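Heads up, the thing below is written out as structure tokens.
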Number of protein chains: 2
Amino acid sequence: MKVCGVVAEYNPFHNGHLYHLQEAKKKTEAEVMIVAMSGNFLQRGEPAIVDKWDRASLALQHGADIVVEIPVAFSVQPADLYAKGAIELLHHLGIQVLSFGSESGEGSDFVQAATVYLEKEKEINDLFRKEQKQKLTYAKNMSDILSKHFPEFKLDLTEPNNMLGFAYARALKKYNSSIEIETILRKSSHYHDSDVIAGNEIASATAIRNLLFSEDKWDDHQTLPFPKETKEILNKSKHVNWDDYFPYLKYRILTTPHSELSRIYLMEQGLEYRVKEVIKESSNMNDFLSRLKTKQLSWTRLQRLSFYMLLNQSKVEMEKMTEGIEYIRVLGFNETGQKYLSQIKRHLKKPLITNINQKNNKLLAYDLMVGDVYRLADQNKIVSQDYKRKPLKIH
Amino acid sequence: MKVCGVVAEYNPFHNGHLYHLQEAKKKTEAEVMIVAMSGNFLQRGEPAIVDKWDRASLALQHGADIVVEIPVAFSVQPADLYAKGAIELLHHLGIQVLSFGSESGEGSDFVQAATVYLEKEKEINDLFRKEQKQKLTYAKNMSDILSKHFPEFKLDLTEPNNMLGFAYARALKKYNSSIEIETILRKSSHYHDSDVIAGNEIASATAIRNLLFSEDKWDDHQTLPFPKETKEILNKSKHVNWDDYFPYLKYRILTTPHSELSRIYLMEQGLEYRVKEVIKESSNMNDFLSRLKTKQLSWTRLQRLSFYMLLNQSKVEMEKMTEGIEYIRVLGFNETGQKYLSQIKRHLKKPLITNINQKNNKLLAYDLMVGDVYRLADQNKIVSQDYKRKPLKIH
């Protein structure tokens, strides 16, 4: 049986995601499509706009056969660790091909890029240290240096999906995996585009979220850039964003001494003093991050750091938790997916978790805590994320 | 110069407090009245309805010459530790007489009771263990046992102000202090009375708070049980209660593992498991404490425990902080008070803190943190509690 894996956040699920799932299935001729999806907190350090169950449901209604959750220890991470968790998860589930959207490049370009990079890693890092320009971003610097010294390296890493795809390819290579790569060219919208253009069928998730948090109403946009099921879910749900958690973050920082803040994952030496100073005057998340931002500290990195402060996760704990995938948490499936899971179940090297119980709740302690914290945005509208929840079954 | 000390919370300042200050000054013939007042969190484990500055201001307008703050390490404590902090503070400030309100008993009764108790402490504790009845409260048990075995013991400890006064008297005795005690009989209202009775000039602070959090409006009560200055402050202020902090408490408990909760001050062995279980279903403070309440755990004790969880204060830290008074924090004074303070300043054994600066902010770290947390109830209406605040000067 041909099985294709996809890594996604679906924040929220839109026509671009739909197109990708359809094209991936067509191009790979897969019989089973498995999505490894971030849960309630996402790669760039943000809460998901709607919870993982709603997002998994949308994926299952539009082409996914199984949705599994990337453990939160891997989901709020720089590209390399995010890729490590997602790819290891999909590897356990027996995928033969990985499909992702890219701004340019074929699967083979990504494989070659990963090969070059891993063979010359030390050399590349040395070159990077010597030749990087302060004014440029990490991605631009890396792209310039690689194309200058290694003409066989054909990826444009300044494109965000290429950067992520490159991380997936490296993760696959490290496994020495035989999993193939199939890329789908992204259609008519750019990852960072910030506006939904009326009449366009495709818009970036960023643009859709901006629309959701603006004053504009749905009806002003006749052609919505997402399926009607997404619209239904967005209409009934609380739209979560960082400001829902800002009071808790502020409280956490105010009540945590410097010595303990310095232990938090991603906290750079000395930054805890600025964090404690700056929080006093900050009244919302944008305000706080703007005051904290420097040339060296990207917005994304500060959002991730804020997440780890919110969850009080230390460097030591995170190091342990990111050693590898320890469980496979199933959020949902359809009949095809269910059949496939029961077929591979006995051969799995890690436990397949379909419901939380006394036996497994220590293993998933961090994910469960994150589910509880996610709910604090709206205890009534956001229901239990883990306890008493069973996988979705879509017919 | 005759100096009289008073221990108070003024939550809020009412006619009973006014009467006590006037009577105490008259009876003791004191030239200086010094009030040691709880700051923003109080003896029974609750936040003050209005902040310490407003409450100090009311005291200074109605008979106090100096108001100092009981460090929060002592203010949210059972009677013995509360008394230890307050009495030590007043002792440093050179009072010759302590005045408190009591339901019955003269000063000499309290002195004698303390003498009996401290001489026979071991014997009393043994009797207590043997003869206490499960159905009765600690106060009733203690009262019964003492009056049975020690007829010279004349205090009714089931009266809450007598219980506190007894703790003050014991704290004074432990010092071997020559400070005298002058009691003022409480007038026409009982500490625990829960209703303000229209037309009555005196009502308990509990009754006044109940009125404030009910739907009733001021104008319905023509004779208010507090001075017009209290009314003005209550009209303009946020009325703080535990529910303002409940979301933070819930978040704290959800994100703190059992092992760390067990380190919190006042946490009994095993209680951390019930705390973590019960918080999940609780939607407000009353709900949470009702679920947690047992015969052995009083509401007050659970409120204090909640405060220590909110502040993340461990047993080890609290033990250090309650060894003794390390500073004297001045909240305000009038001319008489200012003159007296400048006179005793050079002889003080502990630093007199009138403003927070780089030099003293480590010493007061815990009080400063509590001030920041208190503000979370309403960042706009509750202004900075410590930084950039100078003592009130009332003319």
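Residues in the structure tokens are numbered from 1 in each chain, the chains being A, B, ... in the order shown, and ligands are numbered from 1 in the order shown.
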
Residues of chain A no more than 10 Å from chain B, counting only C-alpha atoms: send them over as a PDB file with N, CA and C atoms, in the first residue's frame.
```
ATOM      1  N   PRO A 247      -1.933  37.962  29.747  1.00  0.00           N
ATOM      2  CA  PRO A 247      -2.008  38.171  31.209  1.00  0.00           C
ATOM      3  C   PRO A 247      -1.304  37.067  31.998  1.00  0.00           C
ATOM      4  N   TYR A 248      -1.415  35.827  31.524  1.00  0.00           N
ATOM      5  CA  TYR A 248      -0.757  34.717  32.211  1.00  0.00           C
ATOM      6  C   TYR A 248       0.756  34.797  32.063  1.00  0.00           C
ATOM      7  N   LEU A 249       1.188  35.170  30.873  1.00  0.00           N
ATOM      8  CA  LEU A 249       2.629  35.321  30.648  1.00  0.00           C
ATOM      9  C   LEU A 249       3.193  36.407  31.558  1.00  0.00           C
ATOM     10  N   LYS A 250       2.471  37.510  31.643  1.00  0.00           N
ATOM     11  CA  LYS A 250       2.917  38.626  32.489  1.00  0.00           C
ATOM     12  C   LYS A 250       2.995  38.178  33.955  1.00  0.00           C
ATOM     13  N   TYR A 251       1.936  37.534  34.406  1.00  0.00           N
ATOM     14  CA  TYR A 251       1.901  37.014  35.775  1.00  0.00           C
ATOM     15  C   TYR A 251       3.074  36.062  36.016  1.00  0.00           C
ATOM     16  N   ARG A 252       3.312  35.161  35.059  1.00  0.00           N
ATOM     17  CA  ARG A 252       4.417  34.200  35.195  1.00  0.00           C
ATOM     18  C   ARG A 252       5.743  34.931  35.370  1.00  0.00           C
ATOM     19  N   LEU A 254       6.318  38.032  36.279  1.00  0.00           N
ATOM     20  CA  LEU A 254       6.358  38.817  37.522  1.00  0.00           C
ATOM     21  C   LEU A 254       6.653  37.949  38.741  1.00  0.00           C
ATOM     22  N   THR A 255       6.210  36.689  38.708  1.00  0.00           N
ATOM     23  CA  THR A 255       6.364  35.836  39.897  1.00  0.00           C
ATOM     24  C   THR A 255       7.521  34.836  39.787  1.00  0.00           C
ATOM     25  N   THR A 256       8.356  34.993  38.762  1.00  0.00           N
ATOM     26  CA  THR A 256       9.490  34.082  38.603  1.00  0.00           C
ATOM     27  C   THR A 256      10.799  34.846  38.770  1.00  0.00           C
ATOM     28  N   PRO A 257      11.639  34.429  39.715  1.00  0.00           N
ATOM     29  CA  PRO A 257      12.904  35.146  39.906  1.00  0.00           C
ATOM     30  C   PRO A 257      13.853  34.948  38.718  1.00  0.00           C
ATOM     31  N   LYS A 280       6.981  44.771  32.844  1.00  0.00           N
ATOM     32  CA  LYS A 280       6.256  45.671  33.748  1.00  0.00           C
ATOM     33  C   LYS A 280       5.444  46.722  32.997  1.00  0.00           C
ATOM     34  N   SER A 283       1.545  46.064  27.936  1.00  0.00           N
ATOM     35  CA  SER A 283       0.124  45.810  28.180  1.00  0.00           C
ATOM     36  C   SER A 283      -0.481  44.805  27.204  1.00  0.00           C
ATOM     37  N   LEU A 310       5.616  30.720  29.346  1.00  0.00           N
ATOM     38  CA  LEU A 310       4.219  30.440  29.708  1.00  0.00           C
ATOM     39  C   LEU A 310       4.079  29.029  30.269  1.00  0.00           C
ATOM     40  N   LEU A 311       4.807  28.088  29.655  1.00  0.00           N
ATOM     41  CA  LEU A 311       4.705  26.692  30.084  1.00  0.00           C
ATOM     42  C   LEU A 311       5.754  26.323  31.118  1.00  0.00           C
ATOM     43  N   ASN A 312       6.640  27.265  31.436  1.00  0.00           N
ATOM     44  CA  ASN A 312       7.677  27.033  32.438  1.00  0.00           C
ATOM     45  C   ASN A 312       8.548  25.824  32.100  1.00  0.00           C
ATOM     46  N   GLN A 313       8.951  25.726  30.847  1.00  0.00           N
ATOM     47  CA  GLN A 313       9.750  24.581  30.403  1.00  0.00           C
ATOM     48  C   GLN A 313      11.232  24.914  30.417  1.00  0.00           C
ATOM     49  N   ALA A 365       2.501  14.033  29.569  1.00  0.00           N
ATOM     50  CA  ALA A 365       2.256  15.101  30.553  1.00  0.00           C
ATOM     51  C   ALA A 365       2.377  16.506  29.955  1.00  0.00           C
ATOM     52  N   TYR A 366       3.403  16.707  29.141  1.00  0.00           N
ATOM     53  CA  TYR A 366       3.641  18.049  28.612  1.00  0.00           C
ATOM     54  C   TYR A 366       2.528  18.447  27.636  1.00  0.00           C
ATOM     55  N   LEU A 368      -0.514  17.351  27.637  1.00  0.00           N
ATOM     56  CA  LEU A 368      -1.752  17.538  28.409  1.00  0.00           C
ATOM     57  C   LEU A 368      -1.770  18.909  29.076  1.00  0.00           C
ATOM     58  N   MET A 369      -0.632  19.303  29.604  1.00  0.00           N
ATOM     59  CA  MET A 369      -0.532  20.606  30.247  1.00  0.00           C
ATOM     60  C   MET A 369      -0.792  21.718  29.218  1.00  0.00           C
ATOM     61  N   VAL A 370      -0.221  21.552  28.035  1.00  0.00           N
ATOM     62  CA  VAL A 370      -0.412  22.555  26.986  1.00  0.00           C
ATOM     63  C   VAL A 370      -1.891  22.622  26.588  1.00  0.00           C
ATOM     64  N   GLY A 371      -2.559  21.471  26.574  1.00  0.00           N
ATOM     65  CA  GLY A 371      -3.996  21.459  26.275  1.00  0.00           C
ATOM     66  C   GLY A 371      -4.783  22.234  27.319  1.00  0.00           C
ATOM     67  N   ASP A 372      -4.427  22.047  28.591  1.00  0.00           N
ATOM     68  CA  ASP A 372      -5.094  22.786  29.675  1.00  0.00           C
ATOM     69  C   ASP A 372      -4.853  24.290  29.541  1.00  0.00           C
ATOM     70  N   VAL A 373      -3.616  24.650  29.229  1.00  0.00           N
ATOM     71  CA  VAL A 373      -3.291  26.073  29.112  1.00  0.00           C
ATOM     72  C   VAL A 373      -3.990  26.685  27.896  1.00  0.00           C
ATOM     73  N   LEU A 376      -7.380  28.053  28.546  1.00  0.00           N
ATOM     74  CA  LEU A 376      -7.529  29.265  29.358  1.00  0.00           C
ATOM     75  C   LEU A 376      -7.974  30.465  28.521  1.00  0.00           C
ATOM     76  N   GLN A 379     -12.589  29.168  28.536  1.00  0.00           N
ATOM     77  CA  GLN A 379     -12.921  27.877  29.156  1.00  0.00           C
ATOM     78  C   GLN A 379     -14.252  27.315  28.673  1.00  0.00           C
ATOM     79  N   ASN A 380     -15.139  28.191  28.227  1.00  0.00           N
ATOM     80  CA  ASN A 380     -16.443  27.696  27.802  1.00  0.00           C
ATOM     81  C   ASN A 380     -16.422  27.233  26.354  1.00  0.00           C
ATOM     82  N   SER A 384     -12.483  20.354  26.583  1.00  0.00           N
ATOM     83  CA  SER A 384     -11.336  19.526  26.962  1.00  0.00           C
ATOM     84  C   SER A 384     -10.552  19.088  25.728  1.00  0.00           C
TER      85      SER A 384
END
```

- Item | All residues 6 Å or closer to segment 83-88 of chain B, only C-alpha atoms, same chain fewer than 5 positions away omitted, as a list in words | Ile70, Phe74, Ala167, Tyr168 and Ala171 of chain B

- Message: From a backbone DSSP assignment, name each residue in segment 51-255 of chain A labelled strand (DSSP E or B), as a list in words.
- Response: Ile66, Val67, Val68, Glu69, Ile70, Val97, Leu98, Ser99, Phe100, Gly101, Ser102, Glu180, Ile181, Glu182, Thr183, Ile184 and Leu185 of chain A

- Selected residue of minimal separation from Leu81 of chain A among A:Gln43, A:Ser298, A:Asn15, A:Thr336, counting only C-alpha atoms: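 With only C-alpha atoms as the atom set, the closest residue is A:Gln43.
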
- Report as a ChimeraX atom specification: the residues of segment 41-171 of chain B with a DSSP assignment of alpha helix (DSSP H), based on the backbone of this structure. /B:52-61,72-75,79-92,107-119,121-131,138-149,160-171

Excluding Met163 of chain A and its own-chain neighbours fewer than 2 positions away, which residues fall within 12 Å of it when counting only C-alpha atoms? Please give them as a tab-separated table (two decimals) with C-alpha atoms, in the first residue's frame.
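around.tsv was written with the following content:
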```tsv
chain	number	residue	atom	x	y	z
A	78	PRO	CA	13.11	26.01	14.93
A	79	ALA	CA	12.89	24.20	11.57
A	80	ASP	CA	15.45	21.50	12.36
A	82	TYR	CA	10.32	20.65	14.13
A	83	ALA	CA	11.34	18.57	11.12
A	100	PHE	CA	5.34	19.26	0.86
A	101	GLY	CA	4.62	22.57	-0.80
A	102	SER	CA	7.57	24.57	-2.06
A	103	GLU	CA	8.04	27.90	-3.77
A	104	SER	CA	10.42	26.26	-6.25
A	105	GLY	CA	12.43	23.07	-6.71
A	110	PHE	CA	15.81	18.97	-1.88
A	113	ALA	CA	20.62	19.99	-1.11
A	114	ALA	CA	20.35	17.88	2.04
A	138	TYR	CA	19.91	33.84	8.57
A	139	ALA	CA	18.08	32.48	5.52
A	140	LYS	CA	19.50	35.07	3.13
A	142	MET	CA	22.79	30.84	4.23
A	143	SER	CA	21.35	31.02	0.72
A	155	LEU	CA	17.38	25.84	-3.43
A	156	ASP	CA	16.32	29.38	-2.70
A	157	LEU	CA	16.27	29.25	1.08
A	158	THR	CA	14.83	32.73	1.48
A	159	GLU	CA	11.47	31.18	0.58
A	160	PRO	CA	9.98	29.97	3.87
A	161	ASN	CA	8.49	26.73	2.54
A	165	GLY	CA	11.33	21.50	3.07
A	166	PHE	CA	15.11	21.64	3.30
A	167	ALA	CA	14.80	20.80	7.01
A	168	TYR	CA	12.53	17.84	6.21
A	169	ALA	CA	15.00	16.59	3.60
A	170	ARG	CA	17.86	16.82	6.11
A	191	TYR	CA	3.41	32.28	2.70
```

- Query: What's the 8 Å shell around Ile233 of chain A, counting only C-alpha atoms, without same-chain residues fewer than 4 positions away, as a list of chain:residue names?
  - Reply: A:Asp54, A:Glu229, A:Ser237

For the residues selected in the previous step, produce a file with N, CA and C atoms as a JSON list (two decimals), in the first residue's frame.
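Below is the file that was written, again-v2.json:
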```json
[["chain", "number", "residue", "atom", "x", "y", "z"],
["A", 54, "ASP", "N", -10.65, 20.65, 15.69],
["A", 54, "ASP", "CA", -11.31, 21.29, 14.55],
["A", 54, "ASP", "C", -10.41, 21.27, 13.31],
["A", 229, "GLU", "N", -16.57, 24.29, 5.14],
["A", 229, "GLU", "CA", -16.43, 23.67, 6.47],
["A", 229, "GLU", "C", -15.52, 24.51, 7.36],
["A", 237, "SER", "N", -16.33, 29.29, 16.41],
["A", 237, "SER", "CA", -15.24, 29.14, 17.39],
["A", 237, "SER", "C", -14.74, 30.47, 17.92]]
```
